[in-house]
file entry_22.cif (mmCIF, C-alpha atoms and all ligand atoms)
data_data
loop_
_atom_site.label_atom_id
_atom_site.label_comp_id
_atom_site.auth_asym_id
_atom_site.auth_seq_id
_atom_site.Cartn_x
_atom_site.Cartn_y
_atom_site.Cartn_z
CA SER A 1 -16.02 34.53 -13.25
CA LYS A 2 -13.36 35.52 -10.80
CA PRO A 3 -11.62 32.89 -8.73
CA GLY A 4 -13.09 32.88 -5.26
CA ASN A 5 -16.64 33.26 -6.52
CA GLN A 6 -17.38 29.58 -6.06
CA ASN A 7 -19.36 30.06 -2.86
CA GLN A 8 -21.78 32.52 -4.43
CA ARG A 9 -22.40 30.38 -7.46
CA ASN A 10 -22.69 27.17 -5.52
CA PRO A 11 -24.38 27.45 -2.14
CA ASN A 12 -23.62 23.78 -1.46
CA HIS A 13 -19.92 24.47 -1.54
CA LEU A 14 -19.52 24.63 2.21
CA GLN A 15 -21.52 21.52 2.93
CA PRO A 16 -19.75 18.25 3.55
CA ARG A 17 -19.14 16.34 0.35
CA ALA A 18 -21.15 13.20 -0.25
CA SER A 19 -19.40 9.98 0.61
CA SER A 20 -19.43 8.25 -2.68
CA PHE A 21 -16.42 6.06 -3.29
CA LYS A 22 -16.45 2.31 -3.72
CA VAL A 23 -13.56 0.30 -2.35
CA ALA A 24 -12.86 -3.41 -2.93
CA VAL A 25 -10.63 -5.50 -0.69
CA LEU A 26 -9.36 -8.72 -2.29
CA GLY A 27 -8.27 -11.14 0.44
CA ALA A 28 -10.73 -9.52 2.86
CA ALA A 29 -11.12 -12.47 5.25
CA GLY A 30 -7.41 -12.62 6.09
CA GLY A 31 -5.34 -11.32 8.96
CA ILE A 32 -4.89 -7.94 7.26
CA GLY A 33 -8.14 -7.98 5.31
CA GLN A 34 -10.46 -8.08 8.32
CA PRO A 35 -9.10 -5.16 10.37
CA LEU A 36 -8.50 -3.25 7.13
CA ALA A 37 -12.14 -3.73 6.15
CA LEU A 38 -13.16 -2.47 9.60
CA LEU A 39 -11.05 0.67 9.27
CA ILE A 40 -12.33 1.37 5.75
CA LYS A 41 -15.89 0.87 7.07
CA MET A 42 -15.21 3.85 9.38
CA SER A 43 -14.42 6.19 6.47
CA PRO A 44 -17.04 8.85 5.72
CA LEU A 45 -15.77 8.93 2.11
CA VAL A 46 -16.81 5.35 1.35
CA SER A 47 -20.28 4.47 0.09
CA ALA A 48 -19.68 0.80 -0.67
CA LEU A 49 -17.19 -1.73 0.63
CA HIS A 50 -16.80 -4.86 -1.48
CA LEU A 51 -15.19 -7.76 0.35
CA TYR A 52 -13.77 -10.59 -1.76
CA ASP A 53 -11.99 -13.75 -0.64
CA ILE A 54 -11.87 -17.40 -1.61
CA ALA A 55 -13.44 -18.34 1.77
CA ASN A 56 -14.90 -17.04 5.06
CA VAL A 57 -15.93 -13.64 3.76
CA LYS A 58 -19.70 -13.93 4.35
CA GLY A 59 -19.32 -13.76 8.11
CA VAL A 60 -16.88 -10.87 7.99
CA ALA A 61 -19.29 -8.88 5.82
CA ALA A 62 -22.35 -9.72 7.95
CA ASP A 63 -20.48 -8.67 11.06
CA LEU A 64 -19.16 -5.39 9.61
CA SER A 65 -22.48 -4.50 8.02
CA HIS A 66 -23.95 -3.90 11.49
CA CYS A 67 -21.67 -0.91 12.12
CA ASN A 68 -23.78 2.22 11.68
CA THR A 69 -21.38 4.03 9.34
CA PRO A 70 -22.43 5.11 5.83
CA SER A 71 -20.95 2.39 3.64
CA LYS A 72 -22.84 -0.62 2.38
CA VAL A 73 -20.91 -3.87 2.82
CA LEU A 74 -21.17 -6.59 0.17
CA ASP A 75 -19.50 -10.00 0.18
CA PHE A 76 -18.14 -11.94 -2.79
CA THR A 77 -16.79 -15.49 -2.53
CA GLY A 78 -14.58 -17.29 -5.00
CA PRO A 79 -13.58 -16.68 -8.62
CA ALA A 80 -17.18 -16.79 -9.90
CA GLU A 81 -17.97 -13.63 -7.91
CA LEU A 82 -14.68 -11.81 -8.46
CA ALA A 83 -15.88 -9.78 -11.46
CA ASP A 84 -18.94 -8.50 -9.57
CA SER A 85 -16.77 -7.49 -6.61
CA LEU A 86 -14.89 -5.11 -8.90
CA LYS A 87 -17.83 -3.44 -10.61
CA ASP A 88 -17.54 0.38 -10.48
CA VAL A 89 -14.92 0.42 -7.73
CA ASP A 90 -12.58 3.40 -7.35
CA VAL A 91 -9.90 1.72 -5.26
CA VAL A 92 -8.90 -1.96 -5.16
CA VAL A 93 -6.75 -3.09 -2.24
CA ILE A 94 -5.01 -6.46 -2.52
CA PRO A 95 -3.84 -8.14 0.71
CA ALA A 96 -4.49 -11.67 -0.66
CA GLY A 97 -1.78 -14.26 -0.25
CA VAL A 98 0.30 -16.10 2.31
CA PRO A 99 2.29 -14.28 5.02
CA ARG A 100 5.78 -15.08 6.35
CA LYS A 101 6.63 -17.52 9.11
CA PRO A 102 9.80 -17.25 11.23
CA GLY A 103 12.93 -17.75 9.13
CA MET A 104 11.27 -16.74 5.86
CA THR A 105 12.12 -13.72 3.73
CA ARG A 106 9.43 -11.92 1.77
CA ASP A 107 10.91 -13.43 -1.38
CA ASP A 108 10.14 -16.93 -0.05
CA LEU A 109 6.47 -16.05 -0.63
CA PHE A 110 7.06 -15.39 -4.32
CA ASN A 111 5.88 -18.69 -5.79
CA ILE A 112 2.45 -18.62 -4.17
CA ASN A 113 1.73 -14.92 -4.10
CA ALA A 114 2.93 -14.16 -7.62
CA ASN A 115 0.16 -16.31 -9.05
CA ILE A 116 -2.47 -14.91 -6.70
CA VAL A 117 -1.59 -11.31 -7.59
CA LYS A 118 -1.49 -12.12 -11.30
CA THR A 119 -4.95 -13.69 -11.24
CA LEU A 120 -6.49 -10.88 -9.21
CA VAL A 121 -4.93 -8.08 -11.26
CA GLU A 122 -6.13 -9.75 -14.49
CA ALA A 123 -9.65 -9.43 -13.11
CA VAL A 124 -9.03 -5.81 -12.09
CA ALA A 125 -7.80 -5.10 -15.64
CA ASP A 126 -11.00 -6.59 -17.07
CA HIS A 127 -13.53 -5.16 -14.64
CA ALA A 128 -12.06 -2.04 -12.98
CA PRO A 129 -9.38 -0.78 -15.37
CA GLU A 130 -9.69 2.80 -14.07
CA ALA A 131 -9.31 1.99 -10.38
CA PHE A 132 -6.35 2.81 -8.15
CA ILE A 133 -4.68 -0.52 -7.32
CA HIS A 134 -2.98 -0.91 -3.93
CA ILE A 135 -0.77 -4.01 -3.74
CA ILE A 136 -0.03 -5.26 -0.22
CA SER A 137 0.79 -8.92 -1.05
CA ASN A 138 4.48 -9.67 -0.64
CA PRO A 139 7.09 -9.58 -2.03
CA VAL A 140 5.87 -6.08 -3.00
CA ASN A 141 9.20 -5.46 -4.82
CA SER A 142 8.13 -8.19 -7.29
CA THR A 143 4.33 -8.25 -7.10
CA VAL A 144 4.02 -4.63 -8.27
CA PRO A 145 6.10 -5.28 -11.43
CA ILE A 146 3.98 -8.41 -11.99
CA ALA A 147 0.82 -6.31 -11.74
CA ALA A 148 2.27 -3.77 -14.19
CA GLU A 149 3.03 -6.51 -16.74
CA VAL A 150 -0.45 -8.00 -16.39
CA LEU A 151 -2.05 -4.59 -16.92
CA LYS A 152 0.21 -3.90 -19.92
CA ALA A 153 -0.71 -7.23 -21.49
CA LYS A 154 -4.37 -6.25 -21.10
CA GLY A 155 -3.68 -2.81 -22.61
CA VAL A 156 -4.89 -0.90 -19.56
CA TYR A 157 -1.69 -0.08 -17.66
CA ASP A 158 -1.74 3.37 -16.10
CA PRO A 159 1.48 3.70 -14.07
CA LYS A 160 -0.06 6.55 -12.10
CA LYS A 161 -2.66 4.22 -10.61
CA LEU A 162 -0.56 1.25 -9.51
CA PHE A 163 0.92 1.40 -6.00
CA GLY A 164 2.92 -0.95 -3.84
CA VAL A 165 1.84 -0.19 -0.29
CA THR A 166 4.89 0.80 1.77
CA THR A 167 2.97 2.97 4.24
CA LEU A 168 3.79 0.56 7.08
CA ASP A 169 7.49 1.37 6.70
CA VAL A 170 6.68 5.06 7.17
CA VAL A 171 4.35 4.34 10.10
CA ARG A 172 7.08 2.31 11.78
CA ALA A 173 9.76 4.90 11.08
CA ASN A 174 7.57 7.65 12.53
CA THR A 175 6.85 5.61 15.65
CA PHE A 176 10.43 4.53 16.31
CA VAL A 177 11.88 8.01 15.70
CA ALA A 178 9.29 9.64 17.96
CA GLN A 179 10.05 7.10 20.71
CA LYS A 180 13.80 7.48 20.41
CA LYS A 181 13.76 11.28 20.37
CA ASN A 182 10.82 11.74 22.69
CA LEU A 183 8.80 13.70 20.12
CA LYS A 184 5.08 14.16 19.75
CA LEU A 185 4.19 11.34 17.40
CA ILE A 186 1.59 13.20 15.42
CA ASP A 187 4.18 15.64 14.11
CA VAL A 188 6.85 13.18 13.00
CA ASP A 189 7.18 12.29 9.34
CA VAL A 190 10.04 10.23 7.94
CA PRO A 191 10.20 9.55 4.20
CA VAL A 192 11.08 5.93 3.42
CA ILE A 193 12.38 5.15 -0.06
CA GLY A 194 13.59 2.17 -2.12
CA GLY A 195 11.49 -0.94 -1.77
CA HIS A 196 9.71 -3.07 0.80
CA ALA A 197 12.09 -5.82 1.97
CA GLY A 198 15.17 -5.85 4.19
CA ILE A 199 17.88 -3.44 3.07
CA THR A 200 15.73 -2.15 0.20
CA ILE A 201 13.73 -0.28 2.88
CA LEU A 202 15.63 2.97 3.31
CA PRO A 203 14.35 5.52 5.84
CA LEU A 204 15.76 8.98 5.10
CA LEU A 205 16.24 10.02 8.69
CA SER A 206 18.04 13.19 7.62
CA LYS A 207 14.78 14.30 5.97
CA THR A 208 12.65 13.75 9.08
CA ARG A 209 10.15 16.50 9.69
CA PRO A 210 10.29 18.39 11.97
CA PRO A 211 14.10 18.38 11.60
CA VAL A 212 15.80 16.14 14.15
CA SER A 213 19.48 15.41 14.56
CA PHE A 214 20.74 11.89 15.12
CA THR A 215 24.12 10.51 16.09
CA ASP A 216 25.68 8.03 13.66
CA GLU A 217 24.85 5.31 16.15
CA GLU A 218 21.20 6.32 16.32
CA VAL A 219 20.94 6.38 12.53
CA GLU A 220 22.39 2.87 12.29
CA GLN A 221 20.14 1.54 15.06
CA LEU A 222 16.94 3.15 13.78
CA THR A 223 17.58 2.19 10.16
CA VAL A 224 18.17 -1.43 11.03
CA ARG A 225 15.13 -1.53 13.32
CA ILE A 226 12.87 -0.06 10.65
CA GLN A 227 14.21 -2.54 8.08
CA ASN A 228 13.66 -5.50 10.39
CA ALA A 229 10.44 -4.39 12.06
CA GLY A 230 8.40 -6.85 10.02
CA THR A 231 10.63 -9.68 11.19
CA GLU A 232 10.21 -8.48 14.81
CA VAL A 233 6.48 -9.13 14.43
CA VAL A 234 6.93 -12.42 12.54
CA GLU A 235 9.13 -13.71 15.38
CA ALA A 236 6.80 -12.47 18.12
CA LYS A 237 3.88 -14.20 16.39
CA ALA A 238 6.01 -17.36 16.25
CA GLY A 239 4.42 -19.01 13.24
CA ALA A 240 1.00 -17.35 13.36
CA GLY A 241 1.80 -14.91 10.56
CA SER A 242 3.19 -11.42 10.07
CA ALA A 243 2.03 -7.89 10.83
CA THR A 244 -1.72 -7.59 10.35
CA LEU A 245 -3.03 -4.87 12.69
CA SER A 246 -0.33 -2.26 12.09
CA MET A 247 -0.50 -3.19 8.41
CA ALA A 248 -4.25 -2.68 8.33
CA TYR A 249 -3.78 0.69 10.01
CA ALA A 250 -1.16 1.69 7.44
CA ALA A 251 -3.18 0.41 4.47
CA ALA A 252 -6.28 2.23 5.72
CA ARG A 253 -4.26 5.44 5.86
CA PHE A 254 -3.17 4.91 2.26
CA VAL A 255 -6.76 4.21 1.19
CA GLU A 256 -8.00 7.33 2.98
CA SER A 257 -5.27 9.41 1.32
CA SER A 258 -6.24 8.01 -2.08
CA LEU A 259 -9.90 8.81 -1.49
CA ARG A 260 -9.08 12.35 -0.37
CA ALA A 261 -7.05 12.77 -3.55
CA LEU A 262 -9.91 11.39 -5.66
CA ASP A 263 -12.20 13.80 -3.84
CA GLY A 264 -10.10 16.74 -5.02
CA ASP A 265 -7.92 17.47 -1.99
CA GLY A 266 -4.84 19.11 -3.45
CA ASP A 267 -2.51 18.42 -0.55
CA VAL A 268 -2.08 14.66 -0.28
CA TYR A 269 1.38 13.11 0.00
CA GLU A 270 2.34 9.53 0.81
CA CYS A 271 5.28 7.23 0.21
CA ALA A 272 4.58 4.34 -2.17
CA PHE A 273 6.41 1.91 -4.47
CA VAL A 274 5.55 3.11 -7.98
CA GLN A 275 6.87 3.27 -11.51
CA SER A 276 9.53 5.94 -11.23
CA GLU A 277 12.29 7.83 -12.96
CA LEU A 278 13.96 8.94 -9.74
CA THR A 279 16.71 6.36 -10.14
CA GLU A 280 17.75 3.99 -12.92
CA LEU A 281 15.35 1.38 -11.51
CA PRO A 282 11.93 1.17 -13.17
CA PHE A 283 10.09 1.03 -9.82
CA PHE A 284 11.06 2.84 -6.67
CA ALA A 285 9.40 3.89 -3.44
CA SER A 286 9.46 7.58 -2.61
CA ARG A 287 7.14 10.32 -1.55
CA ILE A 288 4.50 11.03 -4.17
CA LYS A 289 1.79 13.62 -4.51
CA LEU A 290 -1.60 12.04 -5.04
CA GLY A 291 -4.30 13.58 -7.19
CA ARG A 292 -7.54 12.63 -8.93
CA LYS A 293 -5.63 10.72 -11.59
CA GLY A 294 -3.26 8.94 -9.22
CA VAL A 295 0.39 9.89 -8.90
CA GLU A 296 0.52 13.58 -9.71
CA ALA A 297 4.21 14.00 -8.95
CA VAL A 298 7.10 11.93 -7.69
CA ILE A 299 8.94 14.01 -5.10
CA SER A 300 12.60 14.14 -6.02
CA THR A 301 13.82 16.64 -3.43
CA ASP A 302 14.15 13.98 -0.72
CA LEU A 303 16.97 12.38 -2.71
CA ARG A 304 19.04 15.55 -2.76
CA ASN A 305 21.72 16.15 -0.15
CA LEU A 306 21.64 12.64 1.25
CA THR A 307 24.01 11.91 4.11
CA ASP A 308 26.96 9.62 3.30
CA TYR A 309 25.20 6.84 5.18
CA GLU A 310 22.02 7.26 3.12
CA ALA A 311 23.86 7.61 -0.19
CA LYS A 312 25.78 4.39 0.47
CA ALA A 313 22.65 2.55 1.58
CA LEU A 314 20.87 3.73 -1.58
CA GLU A 315 23.61 2.31 -3.81
CA ALA A 316 23.69 -0.89 -1.75
CA LEU A 317 19.98 -1.55 -2.09
CA LYS A 318 19.82 -1.10 -5.86
CA PRO A 319 21.13 -4.54 -6.97
CA GLU A 320 18.69 -6.39 -4.68
CA LEU A 321 15.75 -4.22 -5.66
CA LYS A 322 16.64 -4.53 -9.34
CA ALA A 323 16.77 -8.32 -9.07
CA SER A 324 13.38 -8.46 -7.34
CA ILE A 325 11.81 -6.22 -9.97
CA GLU A 326 13.28 -8.32 -12.78
CA LYS A 327 12.10 -11.52 -11.12
CA GLY A 328 8.56 -10.17 -11.16
CA ILE A 329 8.74 -9.01 -14.75
CA SER A 330 10.17 -12.28 -16.03
CA PHE A 331 7.56 -14.29 -14.10
CA ALA A 332 4.78 -12.30 -15.74
CA GLN A 333 6.32 -12.52 -19.20
CA LYS A 334 6.80 -16.29 -18.95
CA GLN A 335 3.11 -16.71 -18.16
CA LYS A 336 1.95 -15.02 -21.36
P1 LIG A 401 -3.59 -14.24 5.73
O1 LIG A 401 -3.17 -15.59 5.34
O2 LIG A 401 -4.09 -14.01 7.11
O3 LIG A 401 -4.73 -13.72 4.74
C1 LIG A 401 -4.63 -13.83 3.37
C2 LIG A 401 -6.01 -13.95 2.79
O4 LIG A 401 -5.88 -14.05 1.39
C3 LIG A 401 -6.78 -15.19 3.26
O5 LIG A 401 -8.05 -14.82 3.75
C4 LIG A 401 -6.88 -16.03 2.01
O6 LIG A 401 -8.09 -16.79 1.93
C5 LIG A 401 -6.85 -14.96 0.93
N1 LIG A 401 -6.50 -15.49 -0.39
C6 LIG A 401 -5.62 -16.43 -0.73
N2 LIG A 401 -5.64 -16.65 -2.06
C7 LIG A 401 -6.55 -15.79 -2.57
C8 LIG A 401 -7.03 -15.54 -3.86
N3 LIG A 401 -6.58 -16.19 -4.93
N4 LIG A 401 -7.98 -14.58 -4.01
C9 LIG A 401 -8.44 -13.90 -2.94
N5 LIG A 401 -8.03 -14.11 -1.70
C10 LIG A 401 -7.09 -15.04 -1.50
O7 LIG A 401 -2.36 -13.25 5.40
P2 LIG A 401 -2.14 -11.74 5.89
O8 LIG A 401 -1.43 -11.73 7.18
O9 LIG A 401 -3.43 -11.02 5.76
O10 LIG A 401 -1.10 -11.22 4.79
C11 LIG A 401 -1.48 -11.06 3.45
C12 LIG A 401 -0.30 -10.59 2.60
O11 LIG A 401 0.12 -9.28 2.99
C13 LIG A 401 0.94 -11.48 2.71
O12 LIG A 401 1.47 -11.68 1.42
C14 LIG A 401 1.89 -10.65 3.53
O13 LIG A 401 3.23 -10.98 3.27
C15 LIG A 401 1.55 -9.26 3.06
N6 LIG A 401 1.99 -8.18 3.96
C16 LIG A 401 2.41 -7.02 3.39
C17 LIG A 401 2.85 -5.97 4.15
C18 LIG A 401 3.26 -4.70 3.51
O14 LIG A 401 3.80 -3.83 4.19
N7 LIG A 401 3.04 -4.47 2.22
C19 LIG A 401 2.91 -6.07 5.62
C20 LIG A 401 2.40 -7.31 6.13
C21 LIG A 401 1.97 -8.34 5.32
#
call {"tool": "encode", "arguments": {"input": "entry_22.cif", "output": "structure tokens"}}
result
Amino acid sequence: SKPGNQNQRNPNHLQPRASSFKVAVLGAAGGIGQPLALLIKMSPLVSALHLYDIANVKGVAADLSHCNTPSKVLDFTGPAELADSLKDVDVVVIPAGVPRKPGMTRDDLFNINANIVKTLVEAVADHAPEAFIHIISNPVNSTVPIAAEVLKAKGVYDPKKLFGVTTLDVVRANTFVAQKKNLKLIDVDVPVIGGHAGITILPLLSKTRPPVSFTDEEVEQLTVRIQNAGTEVVEAKAGAGSATLSMAYAAARFVESSLRALDGDGDVYECAFVQSELTELPFFASRIKLGRKGVEAVISTDLRNLTDYEAKALEALKPELKASIEKGISFAQKQK
């Protein structure tokens, strides 16, 4: 048949698609987990929302289940119920772990969160090996390589389906650029590459869409603000944790993009920290095109024609990012 004949052959074509995806949130009772679960509950693409945590998840699920949106909400508490929480899920989001307090770097969280991510991803490998995995737990620069090693050891690693969630860096960059340049927020899109900690977060302001010009001073100011935005929140919360609400917003956007891609939308782009051949580093955040099978393409054009400032910052971030990746890999390999 000719292309374009779809509507005649399938009269249902123009009807809304069924909402049929299952999403699991591991760490769902936490500061990020709760608002993230709420935002996912609003999605018309979700049919079931599985909430897992080691404590306090029953109440969160009971509460959310009263919202009259399509998805069913199920709660799962503790390791004995972890496997069931992963049954048939399409997307697993992992915000489990401890957040920063003032004075801490993301790497200071390594010892606790590395083990949490390892344990959870082992279960994902066993019970949802086909799912997209979104890692939020910090340090993302190390926890994603840990997850990759765990999946490899289980023989189910698909690099196209493992993502470190860096959407918050993009959300922040878009907000700060729009504020500074007095632009309509909805239109602003800044690619952010590298990793997700300090100087490894590199906003490519020269690639902002729509095109905007910045003075050298503005570039320096905005770059530093985007890199330290997490710390701004940690300090404002003064010991009560790190970004949770803006993070939930960003993670929900990444979930929604993943579901649209799984649903066959051919025009879905996000930045994420993924296995990559863009640079000599094995993992790197950049814009990616999402499709039914995960990463469909890593967008390399953003790295062309960098400004001197960006090119220098890219070289400067590589040693730190490399060390964080290697720290994750060697942690996972030692555990074998
Ligand atoms: P939180 O402490 O409020 O919540 C963490 C939740 O994880 C708690 O409910 C806890 O019970 C649960 N948890 C702990 N061990 C677990 C296990 N083994 N299995 C399942 N659940 C477990 O922390 P918050 O603020 O929600 O942050 C979570 C993580 O997200 C932190 O590592 C933080 O650094 C990271 N984060 C990442 C960002 C990003 O851009 N990727 C931005 C902000 C935070």
call {"tool": "closest_residue", "arguments": {"input": "entry_22.cif", "among": "A:Ser330, A:Ser206, A:Thr167, A:Asn182", "to": "Ser286 in chain A", "atoms": "all atoms listed in the file"}}
result
A:Thr167
call {"tool": "closest_atom_pairs", "arguments": {"input": "entry_22.cif", "of": "range 188-248 of chain A", "to": "range 148-166 of chain A", "cutoff": "9 Å", "atoms": "only C-alpha atoms", "output": "tab-separated table"}}
result
residue	atom	partner	partner_atom	distance
A:Val192	CA	A:Thr166	CA	8.2
A:Ile193	CA	A:Thr166	CA	8.9
A:Gly195	CA	A:Thr166	CA	7.7
A:His196	CA	A:Thr166	CA	6.3
A:Ile201	CA	A:Thr166	CA	9.0
call {"tool": "write_last_selection", "arguments": {"input": "entry_22.cif", "atoms": "C-alpha atoms", "output": "tab-separated table (two decimals), keeping the file's coordinate frame"}}
result
chain	number	residue	atom	x	y	z
A	192	VAL	CA	11.08	5.93	3.42
A	193	ILE	CA	12.38	5.15	-0.06
A	195	GLY	CA	11.49	-0.94	-1.77
A	196	HIS	CA	9.71	-3.07	0.80
A	201	ILE	CA	13.73	-0.28	2.88
call {"tool": "closest_atom_pairs", "arguments": {"input": "entry_22.cif", "of": "range 59-98 of chain A", "to": "range 36-42 of chain A", "cutoff": "10 Å", "atoms": "all atoms listed in the file", "output": "Markdown table"}}
result
| residue | atom | partner | partner_atom | distance |
| --- | --- | --- | --- | --- |
| A:Val60 | CA | A:Ala37 | CA | 8.8 |
| A:Ala61 | CA | A:Ala37 | CA | 8.8 |
| A:Asp63 | CA | A:Leu38 | CA | 9.7 |
| A:Leu64 | CA | A:Leu38 | CA | 6.7 |
| A:Ser65 | CA | A:Lys41 | CA | 8.6 |
| A:Cys67 | CA | A:Lys41 | CA | 7.9 |
| A:Asn68 | CA | A:Met42 | CA | 9.0 |
| A:Thr69 | CA | A:Met42 | CA | 6.2 |
| A:Pro70 | CA | A:Lys41 | CA | 7.9 |
| A:Ser71 | CA | A:Lys41 | CA | 6.3 |
| A:Lys72 | CA | A:Lys41 | CA | 8.5 |
| A:Val73 | CA | A:Lys41 | CA | 8.1 |
| A:Val93 | CA | A:Leu36 | CA | 9.5 |
| A:Pro95 | CA | A:Leu36 | CA | 9.3 |
call {"tool": "atom_distance", "arguments": {"input": "entry_22.cif", "atom1": "CA of Val124 in chain A", "atom2": "CA of Ser242 in chain A"}}
result
25.9 Å
call {"tool": "atom_distance", "arguments": {"input": "entry_22.cif", "atom1": "CA of Glu220 in chain A", "atom2": "CA of Pro282 in chain A"}}
result
27.6 Å
call {"tool": "atom_distance", "arguments": {"input": "entry_22.cif", "atom1": "CA of Val212 in chain A", "atom2": "CA of Asn174 in chain A"}}
result
11.9 Å
call {"tool": "closest_residue", "arguments": {"input": "entry_22.cif", "among": "A:Leu278, A:Ala251, A:Leu51, A:Ala197", "to": "Leu109 in chain A", "atoms": "all atoms listed in the file"}}
result
A:Ala197
call {"tool": "closest_residue", "arguments": {"input": "entry_22.cif", "among": "A:Val98, A:Val188, A:Leu290, A:Ile199", "to": "Leu259 in chain A", "atoms": "all atoms listed in the file"}}
result
A:Leu290
call {"tool": "axis_aligned_box", "arguments": {"input": "entry_22.cif", "around": "range 177-188 of chain A", "padding_each_side": "5 Å", "output": "AutoDock Vina command-line options"}}
result
--center_x 7.7 --center_y 11.4 --center_z 17.8 --size_x 22.2 --size_y 18.5 --size_z 19.7
call {"tool": "closest_atom_pairs", "arguments": {"input": "entry_22.cif", "of": "chain A", "to": "ligand LIG 401 (chain A)", "cutoff": "8 Å", "atoms": "only C-alpha atoms and all ligand atoms", "output": "JSON lines"}}
result
{"residue": "A:Leu26", "atom": "CA", "partner": "A:LIG401", "partner_atom": "C9", "distance": 5.3}
{"residue": "A:Gly27", "atom": "CA", "partner": "A:LIG401", "partner_atom": "N5", "distance": 3.7}
{"residue": "A:Ala28", "atom": "CA", "partner": "A:LIG401", "partner_atom": "O5", "distance": 6.0}
{"residue": "A:Ala29", "atom": "CA", "partner": "A:LIG401", "partner_atom": "O5", "distance": 4.1}
{"residue": "A:Gly30", "atom": "CA", "partner": "A:LIG401", "partner_atom": "O3", "distance": 3.2}
{"residue": "A:Gly31", "atom": "CA", "partner": "A:LIG401", "partner_atom": "O2", "distance": 3.5}
{"residue": "A:Ile32", "atom": "CA", "partner": "A:LIG401", "partner_atom": "O9", "distance": 3.7}
{"residue": "A:Gly33", "atom": "CA", "partner": "A:LIG401", "partner_atom": "O9", "distance": 5.6}
{"residue": "A:Tyr52", "atom": "CA", "partner": "A:LIG401", "partner_atom": "C9", "distance": 6.4}
{"residue": "A:Asp53", "atom": "CA", "partner": "A:LIG401", "partner_atom": "N5", "distance": 4.1}
{"residue": "A:Ile54", "atom": "CA", "partner": "A:LIG401", "partner_atom": "N5", "distance": 5.1}
{"residue": "A:Ala55", "atom": "CA", "partner": "A:LIG401", "partner_atom": "O6", "distance": 5.6}
{"residue": "A:Asn56", "atom": "CA", "partner": "A:LIG401", "partner_atom": "O5", "distance": 7.3}
{"residue": "A:Val57", "atom": "CA", "partner": "A:LIG401", "partner_atom": "O5", "distance": 8.0}
{"residue": "A:Gly78", "atom": "CA", "partner": "A:LIG401", "partner_atom": "N4", "distance": 7.2}
{"residue": "A:Pro79", "atom": "CA", "partner": "A:LIG401", "partner_atom": "N4", "distance": 7.6}
{"residue": "A:Pro95", "atom": "CA", "partner": "A:LIG401", "partner_atom": "C11", "distance": 4.6}
{"residue": "A:Ala96", "atom": "CA", "partner": "A:LIG401", "partner_atom": "O4", "distance": 3.4}
{"residue": "A:Gly97", "atom": "CA", "partner": "A:LIG401", "partner_atom": "O4", "distance": 4.4}
{"residue": "A:Val98", "atom": "CA", "partner": "A:LIG401", "partner_atom": "O1", "distance": 4.6}
{"residue": "A:Pro99", "atom": "CA", "partner": "A:LIG401", "partner_atom": "O13", "distance": 3.9}
{"residue": "A:Arg100", "atom": "CA", "partner": "A:LIG401", "partner_atom": "O13", "distance": 5.7}
{"residue": "A:Arg106", "atom": "CA", "partner": "A:LIG401", "partner_atom": "O13", "distance": 6.4}
{"residue": "A:Leu109", "atom": "CA", "partner": "A:LIG401", "partner_atom": "O12", "distance": 6.9}
{"residue": "A:Asn113", "atom": "CA", "partner": "A:LIG401", "partner_atom": "O12", "distance": 6.4}
{"residue": "A:Asn115", "atom": "CA", "partner": "A:LIG401", "partner_atom": "N3", "distance": 7.9}
{"residue": "A:Ile116", "atom": "CA", "partner": "A:LIG401", "partner_atom": "N3", "distance": 4.7}
{"residue": "A:Val117", "atom": "CA", "partner": "A:LIG401", "partner_atom": "N3", "distance": 7.5}
{"residue": "A:Thr119", "atom": "CA", "partner": "A:LIG401", "partner_atom": "N3", "distance": 7.0}
{"residue": "A:Leu120", "atom": "CA", "partner": "A:LIG401", "partner_atom": "N4", "distance": 6.6}
{"residue": "A:Ile135", "atom": "CA", "partner": "A:LIG401", "partner_atom": "N7", "distance": 7.1}
{"residue": "A:Ile136", "atom": "CA", "partner": "A:LIG401", "partner_atom": "N7", "distance": 4.0}
{"residue": "A:Ser137", "atom": "CA", "partner": "A:LIG401", "partner_atom": "O12", "distance": 3.8}
{"residue": "A:Asn138", "atom": "CA", "partner": "A:LIG401", "partner_atom": "O12", "distance": 4.2}
{"residue": "A:Pro139", "atom": "CA", "partner": "A:LIG401", "partner_atom": "O13", "distance": 6.7}
{"residue": "A:Val140", "atom": "CA", "partner": "A:LIG401", "partner_atom": "N7", "distance": 6.2}
{"residue": "A:Gly164", "atom": "CA", "partner": "A:LIG401", "partner_atom": "N7", "distance": 7.0}
{"residue": "A:Val165", "atom": "CA", "partner": "A:LIG401", "partner_atom": "N7", "distance": 5.1}
{"residue": "A:Thr166", "atom": "CA", "partner": "A:LIG401", "partner_atom": "O14", "distance": 5.3}
{"residue": "A:Thr167", "atom": "CA", "partner": "A:LIG401", "partner_atom": "O14", "distance": 6.9}
{"residue": "A:Leu168", "atom": "CA", "partner": "A:LIG401", "partner_atom": "O14", "distance": 5.3}
{"residue": "A:Asp169", "atom": "CA", "partner": "A:LIG401", "partner_atom": "O14", "distance": 6.9}
{"residue": "A:His196", "atom": "CA", "partner": "A:LIG401", "partner_atom": "O14", "distance": 6.9}
{"residue": "A:Gly230", "atom": "CA", "partner": "A:LIG401", "partner_atom": "C19", "distance": 7.1}
{"residue": "A:Gly241", "atom": "CA", "partner": "A:LIG401", "partner_atom": "O8", "distance": 5.7}
{"residue": "A:Ser242", "atom": "CA", "partner": "A:LIG401", "partner_atom": "O8", "distance": 5.5}
{"residue": "A:Ala243", "atom": "CA", "partner": "A:LIG401", "partner_atom": "C20", "distance": 4.8}
{"residue": "A:Thr244", "atom": "CA", "partner": "A:LIG401", "partner_atom": "O8", "distance": 5.2}
{"residue": "A:Met247", "atom": "CA", "partner": "A:LIG401", "partner_atom": "C19", "distance": 5.3}
